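Reading through the structure tokens given below for one structure.
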Amino acid sequence: MKLISLIKKPLRPIYRHHKDAKAIRNFKSERKIKRNSEKIRVGFLAQYLPAWNKFKPIYDKLSQDSRFEVFLICVPIEIHDGKLDDPNLTGNSTYNYFVQEGYQAVNALIGKNKWLDLKSLALDYIFYPRPYNTMMPQDYHTQRVSRYTKICCVLYGMAMTEEIFSVAFSRDFFRNVYCYFAESETAMREHMGSFPLAHRKNYQKTVYYGMPVLEHILNSKSENSTIWNFADGKFKILWTPRWTTDKKLGGSNFFHYKDYLIDRARNNNNSAYIFRPHPLMLSNFISTGELSPQQAEVFREICKREPNIELDESEDYVSTMWGSDVLVTDISGVLPEYFVTGKPVIYCATNMVLTPAAHTKKILEGCYIVDNEKELEEYLSMLESGYDPLKVKRKEIIAALWGTEITRCTDRFVEELAKRN
């Protein structure tokens, strides 16, 4: 294996150049396609349900615009390395969910290992839910779809560290993306610098118009969260631990604060807690051996049994945010989403070894930062008492990072797509 690696290393730039050149040829092929539809046809590949609120504002706005025809194409979640975990699978829980929610959805899985032909929809644009080809069937990999449809991308979370760009910006995916709606100016610069030729030739474009999910969160302020019904009259604490303890991926403080928060919920009847770990957290800890299946079940049972704790594993979390009084969190895309509500944030820095991105550093200036249980207790007690010295600072940071255009984000997306170029 070492010899193969030594041979491959000097060939990587050549291989990358070849792939990038092929992507440009695909862009050229797509430009030659003549479309007869008067309306602009836009598809959304829906698969990872927790990410749907990142795309919902765009989908809703386009659906209400007579210039567009919108398709919601539902892909089952059970795909790894471009293949179904079970080749005999015929059910599609993603499709079932959106139908139950009242959407006019399209089932991408049309038989055993048979997929809807995206080319048959004659789409002008198609949005991908995550920037990973391996999570999609091979027929839907970007290098294939870019031959006949313009691919658009909105990341499902803001890149919070400088190191994440090497993970999130997979060339295999992004070299085939026609328009990347960047979530920050830093991300915009990173992407344009990765594909300078394609941008210079106008085969790719990168724009920064803001984050649709922040607009969605602000527009959802009036929504009531029934999940907090158990907490009437109490100070409401939302905890969102990260999915992995790997410090190179940000690190999780789940094991640092789990017992402390459970004990606090038992001994302080003035507070209520919703634990909302990353959807992959418990399963990841089981796979790494950090939790046994029995220990994970005990944690679930504690959350069910304790009157002041709820475990939230629902698809949407925006109303849960608005119903809370404070967020306790690790490094996560949840951080800017909650921060924009103006509510206080306690940031757990215990396991953080990565380099915060510029916008993350700015956000952290408005957060209460803790390194241990003692500091966490001090800030929770302070906020429970009604004292929140960073409240004005948070408003200033929100204005500095997102300005007054924060609620016009999707309008700018729509007008970009309406150019049809």
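Starting from 1 in every chain, residues are counted up; chains themselves are A, B, ... following the order of the structure tokens, and ligands are numbered from 1 as listed.
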
Enumerate, in order of chain and increasing residue number, the residues of region 250-271 of chain A with an atom no farther than 10 Å from region 302-316 of chain A, each with its shortest atom pair and distance in Å to one decimal, counting only C-alpha atoms, as JSON lines.
```
{"residue": "A:Leu261", "atom": "CA", "partner": "A:Ile309", "partner_atom": "CA", "distance": 9.5}
{"residue": "A:Ile262", "atom": "CA", "partner": "A:Ile309", "partner_atom": "CA", "distance": 7.9}
{"residue": "A:Arg264", "atom": "CA", "partner": "A:Asn308", "partner_atom": "CA", "distance": 9.6}
{"residue": "A:Ala265", "atom": "CA", "partner": "A:Asn308", "partner_atom": "CA", "distance": 5.8}
{"residue": "A:Arg266", "atom": "CA", "partner": "A:Asn308", "partner_atom": "CA", "distance": 7.2}
{"residue": "A:Asn267", "atom": "CA", "partner": "A:Asn308", "partner_atom": "CA", "distance": 9.8}
{"residue": "A:Asn268", "atom": "CA", "partner": "A:Asn308", "partner_atom": "CA", "distance": 8.9}
{"residue": "A:Asn269", "atom": "CA", "partner": "A:Asn308", "partner_atom": "CA", "distance": 7.3}
{"residue": "A:Asn270", "atom": "CA", "partner": "A:Asn308", "partner_atom": "CA", "distance": 9.1}
{"residue": "A:Ser271", "atom": "CA", "partner": "A:Asn308", "partner_atom": "CA", "distance": 7.2}
```

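Taking only C-alpha atoms, the non-local environment of region 214-219 of chain A within 9 Å (same-chain residues fewer than 3 positions away omitted) comprises Asn53, Lys54, Lys56, Pro57, Gly210, Met211, Ser222, Glu223, Val318, Ser319, Met321, Trp322, Pro336, Glu337, Tyr338, Val340, Thr341, Ile406, Thr407, Arg408, Cys409 and Thr410 of chain A.
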
Worksheet item: Excluding same-chain residues fewer than 6 positions from Lys114 (chain A), what lies within 12 Å of it counting only C-alpha atoms, as a list in words?
Response: Val75, Lys83, Leu84, Pro87, Asn88, Leu89, Thr90, Gly91, Asn107, Ala108, Pro137, Gln138, Asp139 and Tyr140 of chain A

Would you save the residues of that selection, restricted to all heavy atoms, as a tab-separated table (two decimals), in the first residue's frame?
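Full text of part14.tsv as output:
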```
chain	number	residue	atom	x	y	z
A	75	VAL	N	-35.42	11.12	-1.80
A	75	VAL	CA	-34.44	10.03	-1.88
A	75	VAL	C	-34.36	9.35	-0.52
A	75	VAL	O	-34.26	10.03	0.51
A	75	VAL	CB	-33.05	10.58	-2.27
A	75	VAL	CG1	-32.03	9.45	-2.39
A	75	VAL	CG2	-33.14	11.37	-3.58
A	83	LYS	N	-24.79	3.39	-2.92
A	83	LYS	CA	-25.66	2.22	-3.07
A	83	LYS	C	-26.60	2.09	-1.88
A	83	LYS	O	-26.28	2.50	-0.76
A	83	LYS	CB	-24.81	0.95	-3.20
A	83	LYS	CG	-23.89	0.92	-4.41
A	83	LYS	CD	-23.06	-0.36	-4.43
A	83	LYS	CE	-22.11	-0.38	-5.61
A	83	LYS	NZ	-21.27	-1.61	-5.62
A	84	LEU	N	-27.76	1.50	-2.14
A	84	LEU	CA	-28.70	1.22	-1.05
A	84	LEU	C	-28.11	0.19	-0.10
A	84	LEU	O	-27.48	-0.78	-0.52
A	84	LEU	CB	-30.01	0.68	-1.62
A	84	LEU	CG	-30.97	1.68	-2.25
A	84	LEU	CD1	-32.07	0.95	-3.00
A	84	LEU	CD2	-31.58	2.59	-1.19
A	87	PRO	N	-30.44	-3.70	-1.24
A	87	PRO	CA	-30.81	-3.55	-2.65
A	87	PRO	C	-32.26	-3.92	-2.94
A	87	PRO	O	-32.78	-3.56	-4.00
A	87	PRO	CB	-29.84	-4.50	-3.38
A	87	PRO	CG	-29.40	-5.46	-2.34
A	87	PRO	CD	-29.36	-4.71	-1.05
A	88	ASN	N	-32.90	-4.60	-2.00
A	88	ASN	CA	-34.30	-4.99	-2.19
A	88	ASN	C	-35.28	-3.96	-1.60
A	88	ASN	O	-36.49	-4.18	-1.64
A	88	ASN	CB	-34.56	-6.35	-1.55
A	88	ASN	CG	-33.80	-7.46	-2.27
A	88	ASN	OD1	-33.80	-7.52	-3.50
A	88	ASN	ND2	-33.15	-8.33	-1.51
A	89	LEU	N	-34.74	-2.87	-1.09
A	89	LEU	CA	-35.59	-1.85	-0.49
A	89	LEU	C	-36.54	-1.25	-1.52
A	89	LEU	O	-36.12	-0.88	-2.62
A	89	LEU	CB	-34.72	-0.74	0.11
A	89	LEU	CG	-35.47	0.40	0.82
A	89	LEU	CD1	-36.05	-0.08	2.14
A	89	LEU	CD2	-34.53	1.58	1.06
A	90	THR	N	-37.81	-1.15	-1.17
A	90	THR	CA	-38.80	-0.50	-2.04
A	90	THR	C	-39.51	0.64	-1.32
A	90	THR	O	-40.11	1.50	-1.96
A	90	THR	CB	-39.84	-1.51	-2.54
A	90	THR	OG1	-40.46	-2.15	-1.41
A	90	THR	CG2	-39.19	-2.56	-3.44
A	91	GLY	N	-39.45	0.65	0.02
A	91	GLY	CA	-40.08	1.74	0.77
A	91	GLY	C	-39.18	2.96	0.83
A	91	GLY	O	-37.96	2.86	0.70
A	107	ASN	N	-41.38	10.41	-5.72
A	107	ASN	CA	-40.60	9.31	-5.16
A	107	ASN	C	-39.43	8.98	-6.10
A	107	ASN	O	-39.65	8.58	-7.24
A	107	ASN	CB	-41.48	8.08	-4.94
A	107	ASN	CG	-40.81	7.03	-4.05
A	107	ASN	OD1	-39.60	7.05	-3.85
A	107	ASN	ND2	-41.61	6.14	-3.51
A	108	ALA	N	-38.20	9.16	-5.61
A	108	ALA	CA	-37.03	8.87	-6.45
A	108	ALA	C	-36.81	7.38	-6.63
A	108	ALA	O	-36.26	6.94	-7.64
A	108	ALA	CB	-35.78	9.50	-5.83
A	137	PRO	N	-27.60	7.91	-4.76
A	137	PRO	CA	-27.39	6.81	-5.71
A	137	PRO	C	-26.45	7.27	-6.83
A	137	PRO	O	-26.39	8.45	-7.15
A	137	PRO	CB	-28.79	6.51	-6.24
A	137	PRO	CG	-29.60	7.74	-5.94
A	137	PRO	CD	-29.01	8.31	-4.69
A	138	GLN	N	-25.75	6.34	-7.41
A	138	GLN	CA	-24.75	6.69	-8.42
A	138	GLN	C	-25.35	7.47	-9.58
A	138	GLN	O	-24.69	8.35	-10.15
A	138	GLN	CB	-24.07	5.42	-8.92
A	138	GLN	CG	-23.17	4.78	-7.87
A	138	GLN	CD	-22.49	3.52	-8.37
A	138	GLN	OE1	-22.69	3.10	-9.51
A	138	GLN	NE2	-21.67	2.91	-7.52
A	139	ASP	N	-26.59	7.18	-9.94
A	139	ASP	CA	-27.25	7.92	-11.03
A	139	ASP	C	-27.40	9.41	-10.71
A	139	ASP	O	-27.56	10.22	-11.62
A	139	ASP	CB	-28.64	7.33	-11.30
A	139	ASP	CG	-28.56	5.97	-11.97
A	139	ASP	OD1	-27.46	5.56	-12.38
A	139	ASP	OD2	-29.61	5.30	-12.07
A	140	TYR	N	-27.36	9.75	-9.42
A	140	TYR	CA	-27.56	11.14	-9.00
A	140	TYR	C	-26.25	11.82	-8.61
A	140	TYR	O	-26.28	12.94	-8.07
A	140	TYR	CB	-28.53	11.21	-7.83
A	140	TYR	CG	-29.95	10.80	-8.16
A	140	TYR	CD1	-30.32	10.35	-9.43
A	140	TYR	CD2	-30.95	10.85	-7.19
A	140	TYR	CE1	-31.61	9.96	-9.71
A	140	TYR	CE2	-32.25	10.48	-7.47
A	140	TYR	CZ	-32.58	10.02	-8.73
A	140	TYR	OH	-33.88	9.64	-9.00
```

Please list as JSON, numbers by chain every residue within 7 Å of Ile40 (chain A), counting only C-alpha atoms and excluding residues in the same chain fewer than 2 positions away.
{"A": [38, 42, 67, 68, 69, 124]}

Contact residues around Tyr387 (chain A) with only C-alpha atoms at 12 Å, ignoring same-chain residues under 5 positions, as a list in words
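Answer for this query is Pro344, Glu378, Tyr379, Leu380, Ser381 and Met382 of chain A.
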
Point to revise | DSSP-assigned alpha helix (DSSP H) among region 89-149 of chain A, expressed as a PyMOL selection string | key: chain A and resi 93-100+142-145
